[in-house]
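With mmCIF, C-alpha atoms inside, this is work.cif:
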data_my_file
loop_
_atom_site.label_atom_id
_atom_site.label_comp_id
_atom_site.auth_asym_id
_atom_site.auth_seq_id
_atom_site.Cartn_x
_atom_site.Cartn_y
_atom_site.Cartn_z
CA MET A 10 0.00 0.00 0.00
CA THR A 11 1.28 3.47 -0.85
CA LEU A 12 1.06 5.93 1.98
CA LYS A 13 -0.11 9.43 1.27
CA PRO A 14 1.56 12.27 3.13
CA ASP A 15 -0.38 14.48 5.48
CA HIS A 16 -1.59 17.31 3.25
CA ALA A 17 -3.31 19.30 5.99
CA ALA A 18 -1.04 22.27 5.44
CA ALA A 19 -1.10 22.07 1.64
CA PHE A 20 -4.79 22.36 0.80
CA SER A 21 -5.86 24.84 -1.81
CA PRO A 22 -7.40 28.02 -0.40
CA PRO A 23 -11.19 28.27 -0.46
CA ALA A 24 -12.82 29.48 -3.62
CA ALA A 25 -14.13 32.98 -4.01
CA GLY A 26 -17.40 31.96 -2.39
CA GLY A 27 -15.53 30.99 0.77
CA ARG A 28 -16.01 27.25 0.36
CA PHE A 29 -13.32 24.61 -0.07
CA ALA A 30 -13.40 22.16 -2.94
CA ALA A 31 -14.56 18.64 -2.11
CA GLY A 32 -12.01 16.93 0.10
CA GLU A 33 -9.94 20.10 0.61
CA ASP A 34 -11.28 21.53 3.88
CA PRO A 35 -8.52 21.06 6.50
CA ALA A 36 -10.95 21.57 9.41
CA LYS A 37 -13.23 18.82 8.10
CA ARG A 38 -10.28 16.55 7.53
CA GLN A 39 -9.08 17.13 11.07
CA GLN A 40 -12.60 16.42 12.37
CA ILE A 41 -12.55 13.07 10.59
CA LEU A 42 -9.06 12.20 11.84
CA ALA A 43 -10.01 13.06 15.42
CA GLY A 44 -13.03 10.78 15.20
CA ALA A 45 -10.96 8.04 13.60
CA LYS A 46 -8.40 8.26 16.38
CA ARG A 47 -11.06 7.69 19.03
CA VAL A 48 -12.48 4.74 17.10
CA PHE A 49 -9.15 3.04 16.38
CA MET A 50 -7.90 3.54 19.93
CA LYS A 51 -11.08 2.04 21.33
CA MET A 52 -11.73 -0.78 18.88
CA GLY A 53 -8.42 -1.50 17.18
CA PHE A 54 -7.86 -1.54 13.43
CA ASP A 55 -9.59 -4.80 12.54
CA ALA A 56 -12.77 -4.27 14.56
CA ALA A 57 -13.25 -0.66 13.50
CA SER A 58 -15.28 0.19 10.41
CA MET A 59 -15.78 3.26 8.29
CA ASN A 60 -19.35 3.40 9.62
CA ASP A 61 -17.96 3.64 13.16
CA VAL A 62 -15.82 6.57 12.07
CA THR A 63 -18.72 8.42 10.44
CA ARG A 64 -20.73 8.18 13.65
CA GLU A 65 -17.85 9.22 15.89
CA ALA A 66 -16.69 12.05 13.63
CA GLY A 67 -20.21 13.32 12.97
CA VAL A 68 -19.94 13.24 9.18
CA SER A 69 -21.83 11.44 6.44
CA LYS A 70 -20.42 8.39 4.73
CA GLY A 71 -20.26 10.36 1.50
CA THR A 72 -18.13 13.05 3.15
CA LEU A 73 -15.82 10.47 4.70
CA TYR A 74 -15.13 8.78 1.36
CA VAL A 75 -14.39 12.12 -0.30
CA TYR A 76 -11.44 12.49 2.09
CA PHE A 77 -10.38 8.85 2.52
CA THR A 78 -11.09 6.05 0.08
CA ASN A 79 -10.79 3.18 2.57
CA LYS A 80 -10.00 2.27 6.15
CA GLU A 81 -6.32 1.61 5.44
CA GLU A 82 -5.81 5.09 4.02
CA LEU A 83 -7.65 6.66 6.95
CA PHE A 84 -5.63 4.71 9.49
CA SER A 85 -2.38 5.64 7.74
CA ALA A 86 -3.32 9.32 7.73
CA MET A 87 -4.22 9.22 11.41
CA ILE A 88 -0.91 7.59 12.36
CA GLU A 89 1.05 10.03 10.21
CA ALA A 90 -0.72 13.01 11.79
CA GLU A 91 -0.04 11.73 15.32
CA ARG A 92 3.57 11.07 14.47
CA ALA A 93 4.07 14.53 12.95
CA THR A 94 2.55 16.19 16.02
CA PHE A 95 4.83 14.26 18.36
CA LEU A 96 7.96 15.05 16.35
CA ALA A 97 7.05 18.75 16.26
CA THR A 98 6.70 18.71 20.05
CA MET A 99 10.08 17.07 20.46
CA ARG A 100 11.75 19.48 18.07
CA THR A 101 10.30 22.40 20.04
CA ALA A 102 11.58 20.93 23.31
CA LEU A 103 15.11 20.99 21.90
CA ALA A 104 14.88 24.32 20.08
CA GLU A 105 14.14 26.20 23.31
CA HIS A 106 17.51 25.31 24.87
CA ASP A 107 21.07 26.08 23.82
CA ASP A 108 22.70 24.21 26.69
CA PRO A 109 23.05 20.56 25.63
CA GLU A 110 22.32 19.11 29.07
CA THR A 111 19.15 21.15 29.52
CA GLY A 112 17.97 20.35 26.01
CA LEU A 113 18.66 16.65 26.44
CA TYR A 114 16.85 16.67 29.78
CA GLU A 115 13.69 18.26 28.37
CA PHE A 116 13.85 16.01 25.32
CA GLY A 117 14.34 12.90 27.45
CA ILE A 118 11.51 13.69 29.84
CA SER A 119 9.09 14.43 27.00
CA PHE A 120 10.23 11.39 25.04
CA VAL A 121 9.82 8.84 27.84
CA THR A 122 6.59 10.38 29.17
CA HIS A 123 5.05 10.23 25.71
CA MET A 124 6.32 6.80 24.74
CA THR A 125 5.05 5.15 27.93
CA ASP A 126 1.62 6.80 27.87
CA GLU A 127 -1.23 4.29 27.67
CA LYS A 128 -2.71 5.79 24.49
CA VAL A 129 0.65 5.73 22.74
CA ILE A 130 1.34 2.16 23.79
CA SER A 131 -2.09 1.18 22.49
CA ALA A 132 -1.36 2.89 19.17
CA MET A 133 2.02 1.14 18.93
CA ARG A 134 0.38 -2.24 19.47
CA THR A 135 -2.18 -1.43 16.79
CA VAL A 136 0.53 -0.46 14.30
CA LEU A 137 2.51 -3.62 15.05
CA GLY A 138 -0.68 -5.63 14.65
CA VAL A 139 -1.06 -4.57 11.00
CA ARG A 140 2.62 -4.89 10.17
CA ASP A 141 2.19 -7.79 7.74
CA ARG A 142 -0.60 -6.03 5.82
CA MET A 143 0.83 -2.51 5.98
CA PRO A 144 4.61 -2.86 6.23
CA VAL A 145 5.30 0.59 4.78
CA LEU A 146 3.23 2.19 7.54
CA CYS A 147 5.33 0.51 10.21
CA GLN A 148 8.55 1.49 8.47
CA ARG A 149 7.48 5.14 8.25
CA PHE A 150 6.20 5.16 11.82
CA PHE A 151 9.48 3.96 13.30
CA LYS A 152 12.03 4.95 10.66
CA GLY A 153 10.46 7.63 8.50
CA PRO A 154 12.47 10.38 6.79
CA GLU A 155 11.94 12.47 9.92
CA ASN A 156 11.98 10.57 13.17
CA LEU A 157 13.21 10.97 16.72
CA ARG A 158 16.77 10.21 15.74
CA THR A 159 16.86 12.84 13.00
CA VAL A 160 15.29 15.44 15.32
CA LEU A 161 17.90 14.72 17.98
CA ARG A 162 20.67 14.63 15.39
CA ASP A 163 19.84 18.19 14.27
CA PHE A 164 20.14 19.38 17.88
CA LEU A 165 23.47 17.60 18.35
CA GLU A 166 24.84 19.07 15.12
CA ARG A 167 24.09 22.58 16.37
CA ARG A 168 25.76 21.92 19.71
CA ILE A 169 28.80 20.47 17.92
CA ALA A 170 29.07 23.58 15.76
CA GLU A 171 29.01 25.70 18.92
CA GLY A 172 31.78 23.64 20.50
CA ALA A 173 29.69 22.22 23.33
CA LEU A 174 29.90 18.63 22.05
CA GLU A 175 32.50 16.58 20.21
CA ILE A 176 30.95 13.69 18.30
CA ASP A 177 32.41 11.74 15.40
CA ASP A 178 29.35 9.59 14.61
CA ILE A 179 26.22 11.67 15.21
CA ASP A 180 23.75 8.97 14.19
CA LEU A 181 25.35 6.55 16.62
CA ALA A 182 25.34 9.12 19.42
CA ALA A 183 21.69 10.01 18.84
CA GLY A 184 20.70 6.36 18.97
CA GLN A 185 22.73 5.83 22.11
CA PHE A 186 20.97 8.65 23.93
CA LEU A 187 17.54 7.37 22.90
CA ASP A 188 18.46 3.93 24.22
CA LEU A 189 19.84 5.36 27.45
CA ALA A 190 16.78 7.54 27.98
CA SER A 191 14.14 4.93 27.29
CA GLY A 192 15.95 2.29 29.32
CA SER A 193 13.69 -0.72 29.67
CA PHE A 194 10.56 1.43 30.14
CA PHE A 195 9.29 1.24 26.59
CA LYS A 196 9.75 -2.49 26.08
CA LEU A 197 8.22 -3.30 29.46
CA ARG A 198 5.20 -1.14 28.67
CA LEU A 199 4.80 -2.37 25.09
CA PHE A 200 4.82 -6.04 26.06
CA GLY A 201 2.66 -5.61 29.15
CA SER A 202 5.24 -6.28 31.86
CA MET A 203 4.74 -2.76 33.23
CA GLU A 204 1.03 -2.06 33.59
CA GLU A 205 1.32 1.64 34.42
CA PRO A 206 3.58 4.42 33.10
CA PRO A 207 6.68 4.91 35.26
CA PRO A 208 6.43 7.64 37.92
CA ARG A 209 7.87 11.05 37.13
CA ASP A 210 10.68 10.78 39.69
CA GLU A 211 11.85 7.50 38.17
CA ILE A 212 11.82 8.98 34.68
CA GLU A 213 13.86 11.94 35.91
CA ARG A 214 16.37 9.64 37.61
CA VAL A 215 16.90 7.66 34.42
CA ILE A 216 17.19 10.77 32.24
CA ARG A 217 19.75 12.39 34.55
CA GLY A 218 21.80 9.20 34.44
CA ALA A 219 21.56 9.08 30.66
CA ILE A 220 22.82 12.65 30.39
CA ARG A 221 25.77 11.95 32.70
CA VAL A 222 26.84 9.01 30.57
CA PHE A 223 26.26 10.89 27.30
CA MET A 224 28.17 14.00 28.38
CA ALA A 225 31.02 11.91 29.76
CA ALA A 226 31.42 10.44 26.30
CA TYR A 227 30.69 13.47 24.11
CA GLY A 228 30.92 16.64 26.19
CA ALA A 229 33.67 18.94 24.89
CA ARG A 230 34.86 19.60 28.45
CA ARG A 231 35.87 16.01 28.90
CA HIS A 232 39.12 16.77 27.05
CA GLU A 233 40.04 19.56 29.44
CA THR A 234 40.75 17.11 32.25
CA THR A 235 42.42 14.39 30.17
#
Conversion result in structure tokens:
Amino acid sequence: MTLKPDHAAAFSPPAAGGRFAAGEDPAKRQQILAGAKRVFMKMGFDAASMNDVTREAGVSKGTLYVYFTNKEELFSAMIEAERATFLATMRTALAEHDDPETGLYEFGISFVTHMTDEKVISAMRTVLGVRDRMPVLCQRFFKGPENLRTVLRDFLERRIAEGALEIDDIDLAAGQFLDLASGSFFKLRLFGSMEEPPPRDEIERVIRGAIRVFMAAYGARRHETT
């Protein structure tokens, strides 16, 4: 299946009469996606139907099919929208801080809090459940052209340019921090061994430890004492 990108920001402007062309109203599209999210999160992909979405979103079946031709396309669009929102949040968390340790702390806290949230874990399980039928969706969800690693890599590149970090392999370093930050939280939550999200103080403890290890390896000041 070919995934379609999220075109919410690329719709044509409304015509002179103030009305969007069929399938081009971003507010209506968002209304449908919001309803679809509630349906898929509650029922899962297989049990959900387009009729369920029309009822939850408050639109007619004709309107729904103008925007999305089938359930697979609707599900893909919903996942892409959620993913884009999360990545934008993470990029903002890093952009607000020049100090690498502060930026990594805010990034790490947001990352782990989000990834262990019950709704996110449910969505992850749903995506993994359709992996065989929709392999491209899974690939884009975890390893799309913009993902957590690329967002973090951009932050690290800026800190390297400023002289705060010294890193030879940025992709490796970004992956290492993500692994350090998530610890075993994500896997335990995903596979049901941890029934509740970890408490905030435990997340903070893990993130602080991750930053100490990361800065010991890549902080520019490490060379001043060697």
Exercise. Using the chain letters and numbering of this document, enumerate as a PyMOL selection string the residues selected by the PyMOL selection byres ((chain A and resi 109-111) around 12).
Key: chain A and resi 102-108+112-118+161+164-175+186+216-225+227-229
Selection file, C-alpha atoms, as a compact mmCIF listing (two decimals), keeping the file's coordinate frame:
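For reference, selection_35.txt as written:
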# COMPACT_ATOMS: atom_id res chain seq x y z
CA ALA A 102 11.58 20.93 23.31
CA LEU A 103 15.11 20.99 21.90
CA ALA A 104 14.88 24.32 20.08
CA GLU A 105 14.14 26.20 23.31
CA HIS A 106 17.51 25.31 24.87
CA ASP A 107 21.07 26.08 23.82
CA ASP A 108 22.70 24.21 26.69
CA GLY A 112 17.97 20.35 26.01
CA LEU A 113 18.66 16.65 26.44
CA TYR A 114 16.85 16.67 29.78
CA GLU A 115 13.69 18.26 28.37
CA PHE A 116 13.85 16.01 25.32
CA GLY A 117 14.34 12.90 27.45
CA ILE A 118 11.51 13.69 29.84
CA LEU A 161 17.90 14.72 17.98
CA PHE A 164 20.14 19.38 17.88
CA LEU A 165 23.47 17.60 18.35
CA GLU A 166 24.84 19.07 15.12
CA ARG A 167 24.09 22.58 16.37
CA ARG A 168 25.76 21.92 19.71
CA ILE A 169 28.80 20.47 17.92
CA ALA A 170 29.07 23.58 15.76
CA GLU A 171 29.01 25.70 18.92
CA GLY A 172 31.78 23.64 20.50
CA ALA A 173 29.69 22.22 23.33
CA LEU A 174 29.90 18.63 22.05
CA GLU A 175 32.50 16.58 20.21
CA PHE A 186 20.97 8.65 23.93
CA ILE A 216 17.19 10.77 32.24
CA ARG A 217 19.75 12.39 34.55
CA GLY A 218 21.80 9.20 34.44
CA ALA A 219 21.56 9.08 30.66
CA ILE A 220 22.82 12.65 30.39
CA ARG A 221 25.77 11.95 32.70
CA VAL A 222 26.84 9.01 30.57
CA PHE A 223 26.26 10.89 27.30
CA MET A 224 28.17 14.00 28.38
CA ALA A 225 31.02 11.91 29.76
CA TYR A 227 30.69 13.47 24.11
CA GLY A 228 30.92 16.64 26.19
CA ALA A 229 33.67 18.94 24.89
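You will find CA of Leu181 (chain A) at 28.6 Å from CA of Ser131 (chain A).
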Worksheet item: Quick one: distance from CA of Met124 (chain A) to CA of Pro207 (chain A) in Å, one decimal?
Response: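 Atom-to-atom, CA of Met124 (chain A) and CA of Pro207 (chain A) are spaced 10.7 Å apart.
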I'd like the contact shell of region 43-54 of chain A - 8 Å cut-off, only C-alpha atoms, skipping same-chain residues fewer than 4 positions apart - returned as a VMD selection string. chain A and resid 39 61 to 63 65 to 67 83 to 84 87 128 131 to 132 135 139
Between CA of Phe200 (chain A) and CA of Ile130 (chain A), distance in Å (one decimal):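 Spanning CA of Phe200 (chain A) to CA of Ile130 (chain A) is a straight-line distance of 9.2 Å.
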If we count all atoms listed in the file and set the cut-off at 9 Å, which residues sit around Lys80 (chain A), ignoring sequence neighbours fewer than 6 positions away in its own chain? Please answer as a VMD selection string. chain A and resid 54 57 to 59
Go ahead and write the selection's residues with C-alpha atoms as a CSV table (one decimal), in the coordinates of the input.
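Output (selection14.csv):
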chain,number,residue,atom,x,y,z
A,54,PHE,CA,-7.9,-1.5,13.4
A,57,ALA,CA,-13.2,-0.7,13.5
A,58,SER,CA,-15.3,0.2,10.4
A,59,MET,CA,-15.8,3.3,8.3
- the PyMOL selection byres ((chain A and resi 72) around 12) resolved against shown file, as a ChimeraX atom specification: /A:30-34,37-38,40-41,59-60,62-64,66-71,73-78
_Shell around Thr122 (chain A) at 12 Å using all atoms listed in the file, local window under 5 positions removed, as JSON, numbers by chain_ = {"A": [95, 99, 115, 116, 117, 127, 128, 129, 130, 190, 191, 194, 195, 198, 205, 206, 207, 208, 209, 210, 211, 212, 213, 215, 216]}
Can I get the selected residues back with C-alpha atoms, as a PDB file, in the coordinates of the input?
ATOM      1  CA  PHE A  95       4.830  14.260  18.360  1.00  0.00           C
ATOM      2  CA  MET A  99      10.080  17.070  20.460  1.00  0.00           C
ATOM      3  CA  GLU A 115      13.690  18.260  28.370  1.00  0.00           C
ATOM      4  CA  PHE A 116      13.850  16.010  25.320  1.00  0.00           C
ATOM      5  CA  GLY A 117      14.340  12.900  27.450  1.00  0.00           C
ATOM      6  CA  GLU A 127      -1.230   4.290  27.670  1.00  0.00           C
ATOM      7  CA  LYS A 128      -2.710   5.790  24.490  1.00  0.00           C
ATOM      8  CA  VAL A 129       0.650   5.730  22.740  1.00  0.00           C
ATOM      9  CA  ILE A 130       1.340   2.160  23.790  1.00  0.00           C
ATOM     10  CA  ALA A 190      16.780   7.540  27.980  1.00  0.00           C
ATOM     11  CA  SER A 191      14.140   4.930  27.290  1.00  0.00           C
ATOM     12  CA  PHE A 194      10.560   1.430  30.140  1.00  0.00           C
ATOM     13  CA  PHE A 195       9.290   1.240  26.590  1.00  0.00           C
ATOM     14  CA  ARG A 198       5.200  -1.140  28.670  1.00  0.00           C
ATOM     15  CA  GLU A 205       1.320   1.640  34.420  1.00  0.00           C
ATOM     16  CA  PRO A 206       3.580   4.420  33.100  1.00  0.00           C
ATOM     17  CA  PRO A 207       6.680   4.910  35.260  1.00  0.00           C
ATOM     18  CA  PRO A 208       6.430   7.640  37.920  1.00  0.00           C
ATOM     19  CA  ARG A 209       7.870  11.050  37.130  1.00  0.00           C
ATOM     20  CA  ASP A 210      10.680  10.780  39.690  1.00  0.00           C
ATOM     21  CA  GLU A 211      11.850   7.500  38.170  1.00  0.00           C
ATOM     22  CA  ILE A 212      11.820   8.980  34.680  1.00  0.00           C
ATOM     23  CA  GLU A 213      13.860  11.940  35.910  1.00  0.00           C
ATOM     24  CA  VAL A 215      16.900   7.660  34.420  1.00  0.00           C
ATOM     25  CA  ILE A 216      17.190  10.770  32.240  1.00  0.00           C
TER      26      ILE A 216
END
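The shortest atom-to-atom distance to Arg100 (chain A), with only C-alpha atoms taken into account, belongs to A:Val160 out of A:Ala226, A:Val160, A:Leu199, A:Ala56.
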Taking all listed atoms of region 99-107 of chain A, build the axis-aligned box, pad each of the six sides by 4 Å, then write its centre and edge lengths in Å to one decimal as AutoDock Vina command-line options.
--center_x 15.6 --center_y 21.6 --center_z 21.5 --size_x 19.0 --size_y 17.1 --size_z 14.8
